[in-house]
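A.B. asks: Got a structure for you, questions after.
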Amino acid sequence: MRNVNFDLISEQVGTQYGDVTGVIQIDGHSNIQSIYQLCEDHDFETDGKFIIGFGMSDSGIKGIGGSDKVGCKILFLSKEDYGSSFDDINSQLRNLDETVTVYKKTLYVEYKNLGKYLKRFDFLATSELFSNMRDIEIEEL
């Protein structure tokens, strides 16, 4: 699993009660380009933006799928502020001691269209009892 700063992104994720919390990985059909395509297909211009995060949420009172749409959260940097390529941005961020400005846009996508942008996802969420464990061995049944 890639290194991720979970402390920074955990503030962006939450449900009403947070019964279980976890980790997710997503594969697009063409890497992160699938997220750029999702943005364009939903009238969100990506010129000048470098996408660095993607999330989904459905917090309606009707339950998951009750509104037929899922909120897709796009996190991005301004290329004007941090550079125009991954390598440029990565180099600048490594040497930066100040707060980074990250922008967020939420787009609403019909569930039936998610497969156009996402190929696979895998997530696991656990109860707070996991915080008391130092090591585990999982046995498949």
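By convention here, the chains of the structure tokens are called A, B, ... in the order presented, each chain's residues are numbered starting at 1, and ligands are numbered starting at 1 in the order presented.
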Within 7 Å of A:Thr21, counting only C-alpha atoms, which residues show up once you throw out same-chain ones fewer than 6 positions away? Write them as number ranges by chain, please.
C.D. replies: A: 125-127
A.B. asks: Could you write those residues out with all heavy atoms, as a tab-separated table (two decimals), in the first residue's frame?
C.D. replies:
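Result file is out16.tsv:
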chain	number	residue	atom	x	y	z
A	125	ALA	N	-13.43	-1.55	6.76
A	125	ALA	CA	-13.62	-0.65	7.89
A	125	ALA	C	-13.78	-1.50	9.14
A	125	ALA	O	-14.36	-2.59	9.10
A	125	ALA	CB	-14.85	0.23	7.67
A	126	THR	N	-13.25	-1.02	10.24
A	126	THR	CA	-13.25	-1.80	11.47
A	126	THR	C	-13.83	-0.98	12.63
A	126	THR	O	-13.88	0.24	12.57
A	126	THR	CB	-11.83	-2.24	11.84
A	126	THR	OG1	-11.04	-1.09	12.11
A	126	THR	CG2	-11.20	-3.06	10.74
A	127	SER	N	-14.21	-1.67	13.68
A	127	SER	CA	-14.70	-1.00	14.89
A	127	SER	C	-13.51	-0.46	15.67
A	127	SER	O	-12.35	-0.78	15.40
A	127	SER	CB	-15.50	-1.97	15.76
A	127	SER	OG	-14.63	-2.82	16.47
A.B. asks: Env of A:Lys104: 9 Å cut, atoms = only C-alpha atoms, seq-sep filter 3 positions within chain, self excluded. Answer as a PyMOL selection string.
C.D. replies: chain A and resi 53+73-76
A.B. asks: Using only C-alpha atoms, tabulate the residues of stretch 68-90 of chain A lying at most 9 Å from any atom of stretch 43-52 of chain A, each with its closest atom pair and that distance in Å to one decimal, by chain and increasing residue number, as a tab-separated table.
C.D. replies:
residue	atom	partner	partner_atom	distance
A:Ile74	CA	A:Ile51	CA	7.0
A:Leu75	CA	A:Ile52	CA	5.6
A:Phe76	CA	A:Ile51	CA	4.1
A:Leu77	CA	A:Phe50	CA	5.1
A:Ser78	CA	A:Lys49	CA	4.9
A:Lys79	CA	A:Gly48	CA	5.2
A:Glu80	CA	A:Gly48	CA	6.8
A:Gly83	CA	A:Phe50	CA	8.8
A:Ser84	CA	A:Phe50	CA	7.5
A:Ser85	CA	A:Phe50	CA	8.1
A:Phe86	CA	A:Phe50	CA	8.3
A.B. asks: Go ahead and compute the interatomic distance for atom CA of A:Tyr82 and atom CA of A:Phe121, in Å to one decimal.
C.D. replies: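 Separation of atom CA of A:Tyr82 and atom CA of A:Phe121: 29.3 Å.
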A.B. asks: Find the residues around stretch 105-120 of chain A up to 7 Å (only C-alpha atoms counted), leave out those fewer than 3 positions away in its own chain, and share them as a list in words.
C.D. replies: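 Surrounding residues, per the criterion: Ile26, Asp27, Gly28, His29, Ser34, Ile35, Leu38, Asp68, Lys69, Val70, Gly71, Cys72, Lys73, Ile74 and Leu75 of chain A.
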A.B. asks: List every residue of stretch 44-126 of chain A that DSSP, applied to the backbone of this structure, assigns to helix (DSSP H, G or I), and report them as a list in words.
C.D. replies: Lys79, Glu80, Asp81, Tyr82, Phe86, Asp87, Asp88, Ile89, Asn90, Ser91, Gln92, Leu93, Arg94, Tyr111, Lys112, Asn113, Leu114, Gly115 and Lys116 of chain A
